[in-house]
Amino acid sequence: MTPKMKKILKIGAILLIAGLLIGGGTVLYMFNMPHRNVQSTAADFSVNASQLVAEYLENPSQANEKYLADDGDSKVLEISGTVTKISEDFNGQKVVLLKSETDKAGVSCTFTKETNQNVSTIQLGETIKIKGVIRSGASFDPDLEMYENVVVEKSDLIK
Amino acid sequence: MKKSIILSVAIVLFSVAGFSQVSGKLVSSKTHIKFFSHTSVEDIQANNYASVSTIDQATGDVVFSVPMQSFEFEKALMQKHFNQEGFLDTKQFPKAKLKGKITNLSEIDFSKDGSYNAIIEGELTIKGKTNPIKEKGTITVKGNVISAAGTFSIVLADYGVAFEKGKPSTNIAKKVEITVHAEYKPE
């Protein structure tokens, strides 16, 4: 084996190992990739609850096109509205409904275990701003025979 | 005179009975739907707490409307896959729906505390595909809180979710288990 061949072999081996490390690291990262942190993501849109509901009731497919993403990481919204209901879901997360009295539907905002405590300061009737990720739009469901609210999750109160 | 008194008493009694007899729909926005897939390679589960459901006590109609993007997985990558076109295509089909009827409605007393077996027959629509279902569930009445629960399994291929090769074909069960729980309160 000539010194030249040895050198090529050595470089080849180094490249192969580096490639494997990078490839393996990427696969590992992809597999264990953390969920997107909605609160540290910049908001895509700032709307009020009535506007958002109206957009969905007027043209649901256009609204879905605008707000929903293929991979489920849909738009992050800042929504302002009037608090009409505060409840808790089966996962112990607070749910704040932003809905104007004259609207047919509202925006249901689910908080997280980390942001739950911020709901304690919220009063019914108060106008507040919430940031969260949209999951589905508002619509009239003929089987439920009622209007469904826009669903927003991973919410927190914006001051 | 006597007659009219009896008549008015009767009318009052009837109307009271009419009102107390659960007439309206029960609505629930406190729900939990779990998806569970078991294979020898791994167990996968996802949880959804954002569905809306109604039960009509008079007709036995049961409806669940499920926002698909609200399913949460432990692993972010799995959640992304779940939402994408090859899987559930949740942008095109943001909601799944269960629409059924309690077929043994006469055996359920919504005004009396207890646990009742319910048979639900109807259809399930996921990713725009509808299949008939017939499942057993439980309806529990406790005070003014009524809850419904049930577990059933669905074949993913029936809803156009099928994997021929690669990791999904070995790691995701062909048949997955769906657990449903909802708590209804009079509005």
# chains A, B, ... in the order shown; residues from 1 in each chain; ligands from 1
>>> select_by_dssp(residues="chain A", states="alpha helix (DSSP H)", output="PyMOL selection string")
chain A and resi 3-32+49-58+60-67
>>> interface_residues(of="chain B", to="chain A", cutoff="8 Å", atoms="only C-alpha atoms", output="PyMOL selection string")
chain B and resi 30-32+49-50+52-54+63-64+67-70+75-77+79-85+89-91+94-95+99
>>> closest_atom_pairs(of="region 31-137 of chain B", to="region 152-164 of chain B", cutoff="9 Å", atoms="only C-alpha atoms", output="JSON lines")
{"residue": "B:Gly86", "atom": "CA", "partner": "B:Val161", "partner_atom": "CA", "distance": 7.2}
{"residue": "B:Phe87", "atom": "CA", "partner": "B:Val161", "partner_atom": "CA", "distance": 5.7}
{"residue": "B:Leu88", "atom": "CA", "partner": "B:Val161", "partner_atom": "CA", "distance": 7.0}
{"residue": "B:Thr125", "atom": "CA", "partner": "B:Tyr159", "partner_atom": "CA", "distance": 7.9}
{"residue": "B:Ile126", "atom": "CA", "partner": "B:Tyr159", "partner_atom": "CA", "distance": 6.0}
{"residue": "B:Lys127", "atom": "CA", "partner": "B:Tyr159", "partner_atom": "CA", "distance": 6.5}
{"residue": "B:Gly128", "atom": "CA", "partner": "B:Tyr159", "partner_atom": "CA", "distance": 7.8}
{"residue": "B:Lys129", "atom": "CA", "partner": "B:Tyr159", "partner_atom": "CA", "distance": 5.4}
{"residue": "B:Thr130", "atom": "CA", "partner": "B:Tyr159", "partner_atom": "CA", "distance": 7.4}
{"residue": "B:Asn131", "atom": "CA", "partner": "B:Asp158", "partner_atom": "CA", "distance": 7.4}
{"residue": "B:Glu135", "atom": "CA", "partner": "B:Phe152", "partner_atom": "CA", "distance": 6.7}
{"residue": "B:Lys136", "atom": "CA", "partner": "B:Phe152", "partner_atom": "CA", "distance": 7.9}
{"residue": "B:Gly137", "atom": "CA", "partner": "B:Phe152", "partner_atom": "CA", "distance": 8.9}
>>> closest_residue(among="A:Ser80, A:Thr102, A:Phe140, A:Asn48", to="Asp156 (chain A)", atoms="only C-alpha atoms")
A:Ser80
>>> select_by_dssp(residues="chain A", states="strand (DSSP E or B)", output="CSV table (one decimal) with C-alpha atoms, in the first residue's frame")
chain,number,residue,atom,x,y,z
A,45,PHE,CA,-52.2,36.8,12.8
A,46,SER,CA,-53.8,39.1,15.3
A,47,VAL,CA,-57.6,39.0,15.1
A,48,ASN,CA,-60.6,39.5,17.3
A,76,VAL,CA,-50.4,30.8,15.8
A,77,LEU,CA,-53.0,33.5,16.6
A,78,GLU,CA,-53.4,36.4,19.0
A,79,ILE,CA,-57.2,36.7,19.6
A,80,SER,CA,-58.9,39.3,21.5
A,81,GLY,CA,-62.5,38.9,22.8
A,82,THR,CA,-64.9,38.9,25.7
A,83,VAL,CA,-64.7,36.1,28.3
A,84,THR,CA,-68.1,34.4,28.4
A,85,LYS,CA,-67.2,31.1,30.0
A,86,ILE,CA,-64.3,29.5,32.0
A,87,SER,CA,-64.2,25.7,32.4
A,88,GLU,CA,-61.8,22.9,32.8
A,94,LYS,CA,-58.5,25.6,31.8
A,95,VAL,CA,-60.7,26.5,28.8
A,96,VAL,CA,-61.7,30.1,28.2
A,97,LEU,CA,-64.4,30.9,25.7
A,98,LEU,CA,-64.1,34.2,23.9
A,107,VAL,CA,-63.3,30.9,20.2
A,108,SER,CA,-62.6,28.2,22.7
A,109,CYS,CA,-59.1,28.6,24.1
A,110,THR,CA,-57.5,25.7,26.0
A,111,PHE,CA,-54.7,26.6,28.3
A,127,THR,CA,-62.0,41.7,27.3
A,128,ILE,CA,-58.7,39.9,27.0
A,129,LYS,CA,-56.1,38.8,24.5
A,130,ILE,CA,-55.0,35.2,24.2
A,131,LYS,CA,-52.3,33.6,22.1
A,132,GLY,CA,-52.6,30.0,20.9
A,133,VAL,CA,-52.6,27.6,18.0
A,134,ILE,CA,-55.7,27.1,15.9
A,135,ARG,CA,-56.9,23.5,15.6
A,136,SER,CA,-60.3,23.8,13.9
A,139,SER,CA,-69.2,26.0,11.8
A,140,PHE,CA,-72.9,25.1,12.1
A,141,ASP,CA,-73.1,21.3,12.5
A,146,MET,CA,-75.6,23.8,17.0
A,147,TYR,CA,-72.7,26.1,16.2
A,148,GLU,CA,-69.2,24.8,17.0
A,150,VAL,CA,-63.2,27.8,16.8
A,151,VAL,CA,-60.8,25.5,18.8
A,152,VAL,CA,-57.5,27.1,20.0
A,153,GLU,CA,-55.0,25.2,22.2
A,154,LYS,CA,-51.7,25.7,24.0
A,155,SER,CA,-53.1,29.1,25.0
A,156,ASP,CA,-51.7,31.8,27.3
A,157,LEU,CA,-52.9,35.2,28.3
A,158,ILE,CA,-51.2,38.1,26.6
>>> residues_around(residues="Val145 (chain B)", least_positions_apart="6", cutoff="7 Å", atoms="only C-alpha atoms", output="VMD selection string")
chain B and resid 183 to 185
>>> write_last_selection(atoms="C-alpha atoms", output="PDB file, in the first residue's frame")
ATOM      1  CA  GLU B 183     -69.489  14.509  30.528  1.00  0.00           C
ATOM      2  CA  TYR B 184     -72.796  16.246  29.873  1.00  0.00           C
ATOM      3  CA  LYS B 185     -74.331  18.915  32.004  1.00  0.00           C
TER       4      LYS B 185
END
>>> atom_distance(atom1="CA of Gly24 (chain B)", atom2="CA of Asp56 (chain B)")
6.7 Å
>>> atom_distance(atom1="CA of Glu107 (chain B)", atom2="CA of Gly60 (chain B)")
11.1 Å
>>> atom_distance(atom1="CA of Thr39 (chain B)", atom2="CA of Lys167 (chain B)")
11.7 Å
>>> closest_residue(among="A:Lys75, A:Thr2, A:Gly25, A:Thr112", to="Thr41 (chain A)", atoms="only C-alpha atoms")
A:Lys75
>>> closest_residue(among="B:Lys134, B:His181, B:His38, B:Lys175", to="Gly150 (chain B)", atoms="only C-alpha atoms")
B:His181
